[in-house]
>>> print(open('data_24.txt').read())   # compact mmCIF, C-alpha atoms
# COMPACT_ATOMS: atom_id res chain seq x y z
CA MET A 183 257.97 75.44 -80.11
CA ALA A 184 258.07 78.57 -77.96
CA ASP A 185 261.47 79.63 -76.65
CA LEU A 186 262.53 81.84 -73.76
CA PHE A 187 262.23 84.97 -75.91
CA ASP A 188 258.59 84.53 -76.95
CA THR A 189 257.48 86.66 -74.00
CA GLU A 190 254.70 88.59 -75.75
CA ASP A 191 252.92 85.45 -76.94
CA ALA A 192 253.38 83.84 -73.54
CA GLU A 193 251.89 86.83 -71.75
CA GLU A 194 248.85 86.87 -74.02
CA THR A 195 248.09 83.18 -73.41
CA ALA A 196 249.07 83.06 -69.73
CA PRO A 197 246.19 82.70 -67.25
CA ARG A 198 245.03 85.99 -65.74
CA PRO A 199 243.20 86.39 -62.42
CA LEU A 200 239.54 87.34 -62.67
CA ALA A 201 240.22 90.67 -60.97
CA ASP A 202 242.66 91.57 -63.76
CA ARG A 203 240.36 90.38 -66.57
CA LEU A 204 237.48 92.39 -65.10
CA ARG A 205 239.47 95.59 -64.65
CA PRO A 206 237.38 98.54 -66.01
CA ALA A 207 238.38 99.88 -69.41
CA LYS A 208 236.94 103.34 -68.74
CA LEU A 209 236.11 105.45 -65.71
CA SER A 210 232.35 105.04 -66.18
CA GLU A 211 232.78 101.32 -65.45
CA VAL A 212 234.34 101.89 -62.01
CA ILE A 213 231.99 100.73 -59.27
CA GLY A 214 231.41 102.35 -55.90
CA GLN A 215 233.25 105.68 -56.25
CA ASP A 216 230.60 107.88 -57.87
CA HIS A 217 231.25 110.64 -55.31
CA LEU A 218 234.64 111.15 -56.98
CA LEU A 219 233.96 110.27 -60.60
CA GLY A 220 230.49 111.76 -61.09
CA PRO A 221 230.01 115.01 -63.03
CA ASP A 222 230.05 117.02 -59.80
CA GLY A 223 232.82 114.95 -58.16
CA PRO A 224 236.41 116.20 -57.84
CA LEU A 225 237.83 113.94 -60.56
CA GLY A 226 234.84 114.41 -62.84
CA THR A 227 235.23 118.18 -62.54
CA MET A 228 239.00 118.03 -63.15
CA LEU A 229 238.62 115.90 -66.28
CA ALA A 230 235.82 118.07 -67.65
CA SER A 231 237.94 121.20 -67.25
CA GLY A 232 241.12 119.55 -68.54
CA GLY A 233 242.97 120.51 -65.39
CA LEU A 234 243.95 117.26 -63.67
CA GLY A 235 246.29 117.90 -60.75
CA SER A 236 248.28 115.72 -58.36
CA VAL A 237 246.08 113.71 -56.02
CA ILE A 238 246.41 111.32 -53.10
CA PHE A 239 243.93 108.44 -52.98
CA TRP A 240 243.14 107.44 -49.40
CA GLY A 241 241.06 104.33 -48.90
CA PRO A 242 240.97 100.66 -47.87
CA PRO A 243 242.34 97.86 -50.07
CA GLY A 244 240.42 96.66 -53.09
CA VAL A 245 238.33 99.75 -53.86
CA GLY A 246 239.91 100.81 -57.17
CA LYS A 247 242.82 103.13 -56.38
CA THR A 248 245.17 101.58 -58.95
CA THR A 249 242.45 101.16 -61.56
CA ILE A 250 241.33 104.78 -61.34
CA ALA A 251 244.92 106.02 -61.58
CA ARG A 252 245.50 103.92 -64.72
CA LEU A 253 242.30 105.20 -66.33
CA LEU A 254 243.15 108.81 -65.45
CA ALA A 255 246.39 108.43 -67.39
CA HIS A 256 244.45 107.02 -70.35
CA GLU A 257 241.85 109.83 -70.24
CA THR A 258 244.54 112.53 -70.16
CA GLU A 259 246.92 110.79 -72.62
CA LEU A 260 249.71 110.65 -70.06
CA GLU A 261 252.26 107.87 -69.84
CA PHE A 262 251.27 105.65 -66.91
CA VAL A 263 254.19 104.66 -64.66
CA GLN A 264 253.54 102.61 -61.55
CA ILE A 265 255.92 102.09 -58.63
CA SER A 266 255.51 100.77 -55.11
CA ALA A 267 257.12 102.54 -52.18
CA ILE A 268 257.84 99.12 -50.66
CA PHE A 269 260.19 98.04 -53.47
CA THR A 270 261.51 101.39 -54.72
CA GLY A 271 264.61 103.12 -53.39
CA VAL A 272 266.37 106.38 -54.24
CA PRO A 273 268.31 104.99 -57.26
CA GLU A 274 265.07 103.66 -58.82
CA LEU A 275 263.31 106.97 -58.17
CA ARG A 276 266.09 108.85 -59.98
CA LYS A 277 265.63 106.61 -63.03
CA VAL A 278 261.86 107.21 -62.97
CA PHE A 279 262.34 111.00 -62.80
CA ASP A 280 265.02 110.96 -65.53
CA ALA A 281 262.75 108.97 -67.84
CA ALA A 282 259.84 111.33 -67.15
CA ARG A 283 262.08 114.31 -67.92
CA LEU A 284 263.05 112.80 -71.30
CA ARG A 285 259.38 112.16 -72.13
CA ARG A 286 258.53 115.75 -71.25
CA ARG A 287 261.17 117.04 -73.69
CA SER A 288 259.50 115.05 -76.45
CA GLY A 289 256.07 116.42 -75.47
CA GLN A 290 254.80 113.42 -73.50
CA GLY A 291 253.65 113.86 -69.90
CA THR A 292 253.90 111.25 -67.13
CA LEU A 293 251.37 110.19 -64.54
CA LEU A 294 253.40 108.57 -61.77
CA PHE A 295 251.30 106.27 -59.62
CA VAL A 296 252.94 105.55 -56.25
CA ASP A 297 251.33 102.70 -54.35
CA GLU A 298 251.74 102.70 -50.54
CA ILE A 299 253.20 106.20 -50.78
CA HIS A 300 253.17 106.53 -46.98
CA ARG A 301 256.01 103.97 -46.89
CA PHE A 302 258.43 106.57 -48.28
CA ASN A 303 260.34 108.47 -45.59
CA LYS A 304 260.40 112.27 -45.35
CA ALA A 305 263.50 112.69 -47.52
CA GLN A 306 262.10 110.44 -50.24
CA GLN A 307 258.77 112.29 -50.21
CA ASP A 308 260.61 115.61 -50.48
CA GLY A 309 262.31 114.25 -53.61
CA PHE A 310 258.99 114.39 -55.48
CA LEU A 311 258.47 118.12 -54.93
CA PRO A 312 260.66 119.69 -57.65
CA HIS A 313 259.36 117.25 -60.26
CA MET A 314 255.76 117.99 -59.28
CA GLU A 315 256.36 121.74 -59.39
CA ASP A 316 258.01 121.87 -62.83
CA GLY A 317 255.45 119.51 -64.37
CA THR A 318 257.80 116.59 -64.95
CA ILE A 319 255.31 114.28 -63.26
CA LEU A 320 251.70 114.35 -62.23
CA LEU A 321 251.69 112.47 -58.94
CA VAL A 322 248.90 110.08 -57.98
CA GLY A 323 249.64 108.50 -54.63
CA ALA A 324 247.71 105.71 -52.95
CA THR A 325 247.61 104.99 -49.24
CA THR A 326 245.53 103.03 -46.75
CA GLU A 327 246.80 105.23 -43.91
CA ASN A 328 245.68 108.70 -42.87
CA PRO A 329 247.65 111.14 -45.08
CA SER A 330 247.46 113.80 -42.36
CA PHE A 331 249.79 111.69 -40.23
CA GLU A 332 251.83 109.82 -42.84
CA LEU A 333 252.61 112.34 -45.59
CA ASN A 334 254.72 115.49 -45.54
CA ALA A 335 252.90 118.78 -45.37
CA ALA A 336 254.74 119.91 -48.51
CA VAL A 337 253.41 116.95 -50.53
CA LEU A 338 249.90 117.45 -49.15
CA SER A 339 249.95 121.16 -50.00
CA ARG A 340 250.64 120.31 -53.65
CA SER A 341 248.02 117.57 -53.87
CA GLN A 342 244.32 117.05 -53.33
CA VAL A 343 243.42 114.22 -50.96
CA LEU A 344 240.51 112.15 -52.28
CA VAL A 345 238.83 109.57 -50.04
CA LEU A 346 237.75 106.30 -51.63
CA HIS A 347 234.96 104.39 -49.85
CA ARG A 348 234.84 100.69 -49.08
CA LEU A 349 232.36 99.01 -51.40
CA ASP A 350 228.87 98.61 -49.94
CA LEU A 351 226.74 95.52 -50.49
CA ALA A 352 225.01 97.02 -53.54
CA ALA A 353 228.34 97.77 -55.21
CA LEU A 354 229.66 94.30 -54.38
CA GLU A 355 226.52 92.69 -55.84
CA LYS A 356 226.98 94.70 -59.02
CA LEU A 357 230.61 93.57 -59.20
CA ALA A 358 229.63 89.92 -58.63
CA ALA A 359 227.01 90.13 -61.41
CA ARG A 360 229.61 91.60 -63.76
CA ALA A 361 231.95 88.72 -62.93
CA GLU A 362 229.22 86.16 -63.63
CA SER A 363 228.57 87.79 -67.00
CA LEU A 364 232.26 87.52 -67.91
CA LEU A 365 232.46 83.91 -66.75
CA GLY A 366 229.20 83.02 -68.51
CA ALA A 367 227.87 81.20 -65.44
CA THR A 368 225.87 81.89 -62.30
CA LEU A 369 227.52 81.18 -58.96
CA PRO A 370 226.16 78.00 -57.30
CA LEU A 371 224.75 79.88 -54.29
CA ASP A 372 221.26 80.33 -52.91
CA PRO A 373 220.19 83.85 -51.76
CA GLY A 374 221.54 83.25 -48.26
CA GLY A 375 224.85 81.98 -49.59
CA ARG A 376 225.16 84.94 -51.95
CA ALA A 377 224.52 87.38 -49.10
CA ALA A 378 227.15 85.59 -47.01
CA LEU A 379 229.64 85.86 -49.89
CA LEU A 380 229.18 89.63 -50.10
CA GLU A 381 229.64 89.94 -46.33
CA MET A 382 232.83 87.87 -46.52
CA ALA A 383 234.32 90.33 -48.99
CA ASP A 384 234.12 93.03 -46.29
CA GLY A 385 233.98 95.94 -48.73
CA ASP A 386 237.01 94.73 -50.75
CA GLY A 387 236.24 94.30 -54.47
CA ARG A 388 239.46 92.44 -55.21
CA ALA A 389 238.77 90.00 -52.39
CA LEU A 390 235.25 89.43 -53.73
CA LEU A 391 236.50 88.62 -57.22
CA ASN A 392 239.07 86.19 -55.81
CA LEU A 393 236.28 84.43 -53.92
CA VAL A 394 234.02 84.43 -56.99
CA GLU A 395 236.79 82.90 -59.09
CA GLN A 396 237.20 80.14 -56.53
CA ILE A 397 233.46 79.44 -56.16
CA ALA A 398 232.88 79.42 -59.93
CA ARG A 399 234.98 76.24 -60.20
CA TRP A 400 232.69 74.32 -57.84
CA THR A 401 229.99 71.98 -59.07
CA PRO A 402 227.84 71.20 -56.01
CA GLU A 403 224.70 69.09 -56.39
CA ALA A 404 222.57 71.97 -55.07
CA PRO A 405 223.13 75.71 -54.52
CA LEU A 406 225.10 76.35 -51.34
CA ASP A 407 223.57 78.19 -48.41
CA ALA A 408 225.47 80.43 -46.00
CA LYS A 409 226.46 77.56 -43.71
CA ALA A 410 227.73 75.37 -46.53
CA LEU A 411 229.65 78.30 -48.01
CA GLY A 412 231.22 79.02 -44.63
CA GLN A 413 232.41 75.41 -44.39
CA ARG A 414 234.17 75.69 -47.75
CA LEU A 415 235.61 79.18 -47.34
CA SER A 416 237.46 80.70 -44.43
CA GLN A 417 236.24 84.07 -43.14
CA ARG A 418 238.47 86.97 -44.14
CA ALA A 419 240.26 88.60 -41.24
CA ALA A 420 238.83 92.03 -40.46
CA GLN A 421 240.87 94.96 -41.73
CA TYR A 422 242.61 96.16 -38.59
CA ASP A 423 246.10 97.41 -37.82
CA LYS A 424 246.89 97.76 -34.14
CA SER A 425 249.20 100.70 -34.86
CA GLY A 426 247.31 102.21 -37.77
CA ASP A 427 244.34 104.39 -38.53
CA GLY A 428 241.73 101.67 -38.06
CA HIS A 429 242.96 101.07 -34.53
CA TYR A 430 242.38 104.68 -33.50
CA ASN A 431 239.09 104.93 -35.39
CA LEU A 432 237.61 101.97 -33.52
CA ILE A 433 238.76 103.05 -30.06
CA SER A 434 237.32 106.49 -30.84
CA ALA A 435 234.02 104.84 -31.79
CA LEU A 436 234.01 102.87 -28.53
CA HIS A 437 234.82 105.94 -26.44
CA LYS A 438 232.16 108.11 -28.05
CA SER A 439 229.54 105.35 -27.76
CA VAL A 440 230.23 105.15 -24.01
CA ARG A 441 230.12 108.94 -23.72
CA GLY A 442 226.86 108.94 -25.67
CA SER A 443 225.29 106.40 -23.25
CA ASP A 444 224.71 103.80 -25.97
CA PRO A 445 225.53 100.41 -24.41
CA GLU A 446 224.70 98.37 -27.54
CA ALA A 447 226.99 100.43 -29.80
CA ALA A 448 229.73 100.42 -27.15
CA LEU A 449 229.54 96.65 -26.84
CA TYR A 450 229.62 96.28 -30.65
CA TRP A 451 232.82 98.33 -31.03
CA LEU A 452 234.41 96.48 -28.12
CA ALA A 453 233.59 93.17 -29.85
CA ARG A 454 235.00 94.49 -33.15
CA MET A 455 238.31 95.30 -31.51
CA LEU A 456 238.54 92.04 -29.55
CA THR A 457 237.64 90.02 -32.67
CA ALA A 458 240.40 91.79 -34.59
CA GLY A 459 242.95 90.79 -31.94
CA GLU A 460 243.27 94.02 -29.94
CA ASP A 461 245.18 93.71 -26.67
CA PRO A 462 242.57 93.61 -23.85
CA ARG A 463 245.02 95.49 -21.59
CA PHE A 464 245.06 98.41 -24.01
CA LEU A 465 241.26 98.36 -23.96
CA MET A 466 241.10 98.32 -20.16
CA ARG A 467 243.50 101.24 -19.97
CA ARG A 468 241.32 103.29 -22.30
CA ILE A 469 238.08 102.17 -20.65
CA THR A 470 239.42 103.17 -17.22
CA ARG A 471 240.37 106.53 -18.71
CA MET A 472 236.74 106.91 -19.88
CA SER A 473 235.56 106.42 -16.30
CA VAL A 474 237.59 109.37 -15.03
CA GLU A 475 237.09 111.62 -18.07
CA ASP A 476 233.42 111.13 -18.90
CA ILE A 477 231.80 109.81 -15.72
CA GLY A 478 234.02 111.35 -13.09
CA LEU A 479 232.43 111.99 -9.72
CA ALA A 480 228.91 111.63 -11.11
CA ASP A 481 229.48 107.95 -10.25
CA PRO A 482 232.63 107.44 -8.15
CA GLN A 483 232.09 103.68 -8.31
CA ALA A 484 232.75 103.60 -12.07
CA GLN A 485 236.52 103.94 -11.74
CA ARG A 486 236.67 101.25 -9.06
CA LEU A 487 234.58 98.90 -11.19
CA CYS A 488 236.96 99.40 -14.15
CA LEU A 489 239.98 98.60 -12.00
CA ASP A 490 238.22 95.50 -10.66
CA ALA A 491 237.40 94.41 -14.24
CA TRP A 492 241.04 94.94 -15.20
CA GLN A 493 242.19 92.79 -12.28
CA THR A 494 239.59 90.13 -13.12
CA TYR A 495 240.90 89.95 -16.66
CA GLU A 496 244.47 89.57 -15.39
CA ARG A 497 243.39 86.65 -13.21
CA LEU A 498 241.18 84.86 -15.75
CA GLY A 499 242.85 85.77 -19.06
CA SER A 500 241.12 85.35 -22.43
CA PRO A 501 238.41 84.61 -23.30
CA GLU A 502 236.75 84.36 -19.87
CA GLY A 503 238.19 87.64 -18.59
CA GLU A 504 236.82 89.55 -21.55
CA LEU A 505 233.34 89.29 -20.05
CA ALA A 506 234.52 91.51 -17.18
CA ILE A 507 235.68 94.08 -19.76
CA ALA A 508 232.26 93.93 -21.44
CA GLN A 509 230.52 94.47 -18.09
CA ALA A 510 232.69 97.51 -17.40
CA VAL A 511 231.79 98.98 -20.82
CA LEU A 512 228.07 98.43 -20.21
CA TYR A 513 228.28 100.01 -16.76
CA LEU A 514 230.10 103.10 -18.07
CA ALA A 515 227.67 103.53 -20.96
CA LEU A 516 224.70 103.56 -18.57
CA ALA A 517 226.36 105.59 -15.79
CA PRO A 518 225.52 109.29 -15.25
CA LYS A 519 227.99 111.40 -17.21
CA SER A 520 230.11 114.34 -16.11
CA ASN A 521 233.36 115.81 -17.34
CA ALA A 522 233.39 118.42 -14.57
CA SER A 523 236.45 116.95 -12.82
CA TYR A 524 238.23 116.59 -16.18
CA LYS A 525 237.55 120.23 -17.04
CA ALA A 526 238.49 121.32 -13.51
CA TYR A 527 241.83 119.53 -13.76
CA LYS A 528 242.63 121.19 -17.10
CA ALA A 529 241.60 124.59 -15.75
CA ALA A 530 243.79 124.10 -12.68
CA MET A 531 246.76 123.09 -14.85
CA LYS A 532 246.28 126.19 -17.01
CA LEU A 533 246.04 128.41 -13.93
CA ALA A 534 249.12 126.80 -12.36
CA LYS A 535 251.18 127.52 -15.48
CA SER A 536 250.00 131.11 -15.76
CA SER A 537 250.50 131.96 -12.07
CA GLY A 538 254.20 131.14 -12.08
CA SER A 539 255.77 130.75 -8.64
CA ALA A 540 253.19 132.60 -6.56
CA PRO A 541 253.72 131.37 -2.97
CA PRO A 542 250.96 130.09 -0.69
CA PRO A 543 249.61 132.62 1.83
CA LYS A 544 251.82 132.68 4.94
CA HIS A 545 249.02 131.82 7.35
CA ILE A 546 248.79 128.25 5.99
CA LEU A 547 252.57 127.61 6.06
CA ASN A 548 254.20 125.62 8.87
CA ALA A 549 256.82 127.39 10.99
CA PRO A 550 259.24 124.76 12.37
CA THR A 551 262.07 127.33 12.92
CA ALA A 552 262.30 130.62 14.81
CA LEU A 553 263.22 132.46 11.60
CA MET A 554 260.08 131.22 9.89
CA LYS A 555 257.96 132.26 12.85
CA ALA A 556 259.57 135.70 12.71
CA GLU A 557 258.65 135.91 9.04
CA GLY A 558 254.98 135.39 9.94
CA TYR A 559 254.62 131.77 8.85
CA GLY A 560 251.50 130.25 10.41
CA VAL A 561 250.30 133.52 11.94
CA ASP A 562 246.48 133.79 12.13
CA TYR A 563 245.96 130.28 10.82
CA ALA A 564 242.47 129.11 11.76
CA TYR A 565 242.27 125.42 12.67
CA ASP A 566 239.09 124.29 10.91
CA HIS A 567 238.13 121.71 13.55
CA ASP A 568 237.95 124.48 16.13
CA ALA A 569 235.68 126.61 13.93
CA GLU A 570 231.90 126.58 13.89
CA ASP A 571 230.64 123.80 11.55
CA GLY A 572 234.27 122.59 11.21
CA PHE A 573 234.86 125.22 8.54
CA SER A 574 237.01 128.33 8.90
CA GLY A 575 236.41 129.85 5.46
CA GLN A 576 240.02 131.04 5.21
CA ASN A 577 241.74 131.80 1.89
CA TYR A 578 244.08 129.09 0.62
CA PHE A 579 245.04 130.64 -2.73
CA PRO A 580 248.05 132.97 -3.17
CA ASP A 581 247.41 136.36 -1.54
CA LYS A 582 247.16 138.40 -4.73
CA MET A 583 245.17 135.87 -6.73
CA GLU A 584 241.47 136.47 -7.17
CA ARG A 585 239.58 133.34 -6.19
CA PRO A 586 238.90 131.37 -9.43
CA ALA A 587 235.92 129.17 -10.23
CA ILE A 588 237.49 125.86 -11.30
CA PHE A 589 235.16 122.98 -10.39
CA ALA A 590 231.52 123.05 -11.50
CA PRO A 591 229.72 119.79 -10.62
CA VAL A 592 226.78 118.84 -12.83
CA GLU A 593 223.25 118.09 -11.70
CA ARG A 594 223.63 114.36 -12.41
CA GLY A 595 224.42 111.38 -10.24
CA PHE A 596 226.57 111.85 -7.16
CA GLU A 597 227.83 115.22 -8.43
CA ARG A 598 224.39 116.63 -7.64
CA ASP A 599 225.27 116.12 -3.95
CA LEU A 600 228.73 117.60 -4.50
CA ALA A 601 227.17 120.69 -6.08
CA LYS A 602 225.00 121.17 -2.98
CA ARG A 603 228.06 120.87 -0.72
CA MET A 604 230.02 123.38 -2.80
CA ALA A 605 227.15 125.86 -2.71
CA TYR A 606 226.94 125.43 1.06
CA PHE A 607 230.66 126.00 1.63
CA ASN A 608 230.79 128.94 -0.82
CA LYS A 609 227.96 130.66 1.02
CA LEU A 610 229.56 129.97 4.39
CA ARG A 611 232.99 131.12 3.15
CA ALA A 612 231.57 134.44 1.98
CA LYS A 613 229.92 134.92 5.34
CA ARG A 614 233.07 134.07 7.38
CA GLN A 615 235.41 136.17 5.23
CA SER A 616 233.11 139.19 5.50
>>> encode(input="data_24.txt", output="structure tokens")
Amino acid sequence: MADLFDTEDAEETAPRPLADRLRPAKLSEVIGQDHLLGPDGPLGTMLASGGLGSVIFWGPPGVGKTTIARLLAHETELEFVQISAIFTGVPELRKVFDAARLRRRSGQGTLLFVDEIHRFNKAQQDGFLPHMEDGTILLVGATTENPSFELNAAVLSRSQVLVLHRLDLAALEKLAARAESLLGATLPLDPGGRAALLEMADGDGRALLNLVEQIARWTPEAPLDAKALGQRLSQRAAQYDKSGDGHYNLISALHKSVRGSDPEAALYWLARMLTAGEDPRFLMRRITRMSVEDIGLADPQAQRLCLDAWQTYERLGSPEGELAIAQAVLYLALAPKSNASYKAYKAAMKLAKSSGSAPPPKHILNAPTALMKAEGYGVDYAYDHDAEDGFSGQNYFPDKMERPAIFAPVERGFERDLAKRMAYFNKLRAKRQS
């Protein structure tokens, strides 16, 4: 009878998840990351030259970050040590570094794999630096967040950031076939059901294998189609973090689709964000910003329509009010585009900062006191309504400032009319001032 101390035998006979049993034994078996592992890829080149350095793996879940790190240690004959930033504190880190130092003295190097490395704070990340520099450890970090924002510059400067891609449908199919070979059985799915399974995995290999392991236990009377599979399995939630990188990537995609006058793409990205649970108020704030940045005065109605859509959503709530948001997105995507007012505002802000405290010309200042009148305030002011065409053409910039060109309307939408008006007033101003 086995006792509490027969741990090795127990581990060997204990059930293992399919994802663990199917873990690649060599780098050539890794699926979907050929751009890194191929002969001309960064890791392929490093291994061929025998010069593996510290790296940061950046990519979504379930694409092989841990597996590749483990195999790199095997290929380079380094001791593989894995920690997670979620469960590891400073005392544990000290023990890891001390053990690596002892190994180094005996001639054995250490590949330290740090999962969720972005979870470490700045001080903890700084603690890796001396051990990376003296060769005590070769650091392989893994993160789902943008390293540019989440990791210290000092760590990044000593590492190479490698981007791992989500698995495409071809890679997922290859992984599913490999799983079927290991299980010795074909999944009970028809072509439509199999396609639906790959879509459900959403680029995550680990998620796919978990689904495959579940489906392999079924014994339906006939192969399942997409609808039947959907009834038995719940759809995976889309990978989306309202405060993370995916959040900003999707709002950027929506904004640029609107700017690029592509209503279908804009509506798709809006739907992606709403489906993932994005706050519609955040979306309306950004969409309204698009109306003033990218449409501007080419269509003055765009901003008003966004505000009306925002108010409609507030009155109706979800999901009915989301239709008003969709209509605003479609309108902006098809509206004439101009960033002239946006550029003019930035140019004016730059000019205001560079011109310091230059006062307005005295002729446009009010003179409510005798002293101010004596100082020349309001002298020679021309009341525009008394002038020919209701336009005096006076100078309204500081006296010593050369008149700048700030606003340049485009030849699209309503701004075409504004451009004609500006040209008219500029010509008339030159004539009056001469």
>>> residues_near_point(input="data_24.txt", point="(254.8, 122.0, -57.3)", cutoff="9 Å", atoms="only C-alpha atoms", output="PyMOL selection string")
chain A and resi 310-317+337+339-341
>>> residues_near_point(input="data_24.txt", point="(236.3, 87.8, -55.8)", cutoff="12 Å", atoms="all atoms listed in the file", output="PyMOL selection string")
chain A and resi 199-204+244+354-355+357-362+369+379-398+418
>>> residues_around(input="data_24.txt", residues="Glu261 (chain A)", least_positions_apart="4", cutoff="12 Å", atoms="all atoms listed in the file", output="PyMOL selection string")
chain A and resi 251-257+278+281-286+289-295+318-321
>>> closest_residue(input="data_24.txt", among="A:Ser266, A:Pro402, A:Gly374, A:Leu487", to="Val474 (chain A)", atoms="all atoms listed in the file")
A:Leu487
>>> residues_around(input="data_24.txt", residues="Arg585 (chain A)", least_positions_apart="2", cutoff="12 Å", atoms="only C-alpha atoms", output="PyMOL selection string")
chain A and resi 533+576-583+587-588+608+611-612
>>> closest_residue(input="data_24.txt", among="A:Lys247, A:Arg497, A:His545, A:Lys208", to="Glu557 (chain A)", atoms="all atoms listed in the file")
A:His545
>>> atom_distance(input="data_24.txt", atom1="CA of Gln264 (chain A)", atom2="CA of Asp222 (chain A)")
27.6 Å
>>> residues_around(input="data_24.txt", residues="Leu344 (chain A)", least_positions_apart="3", cutoff="7 Å", atoms="all atoms listed in the file", output="list in words")
Val237, Ile238, Phe239 and Trp240 of chain A
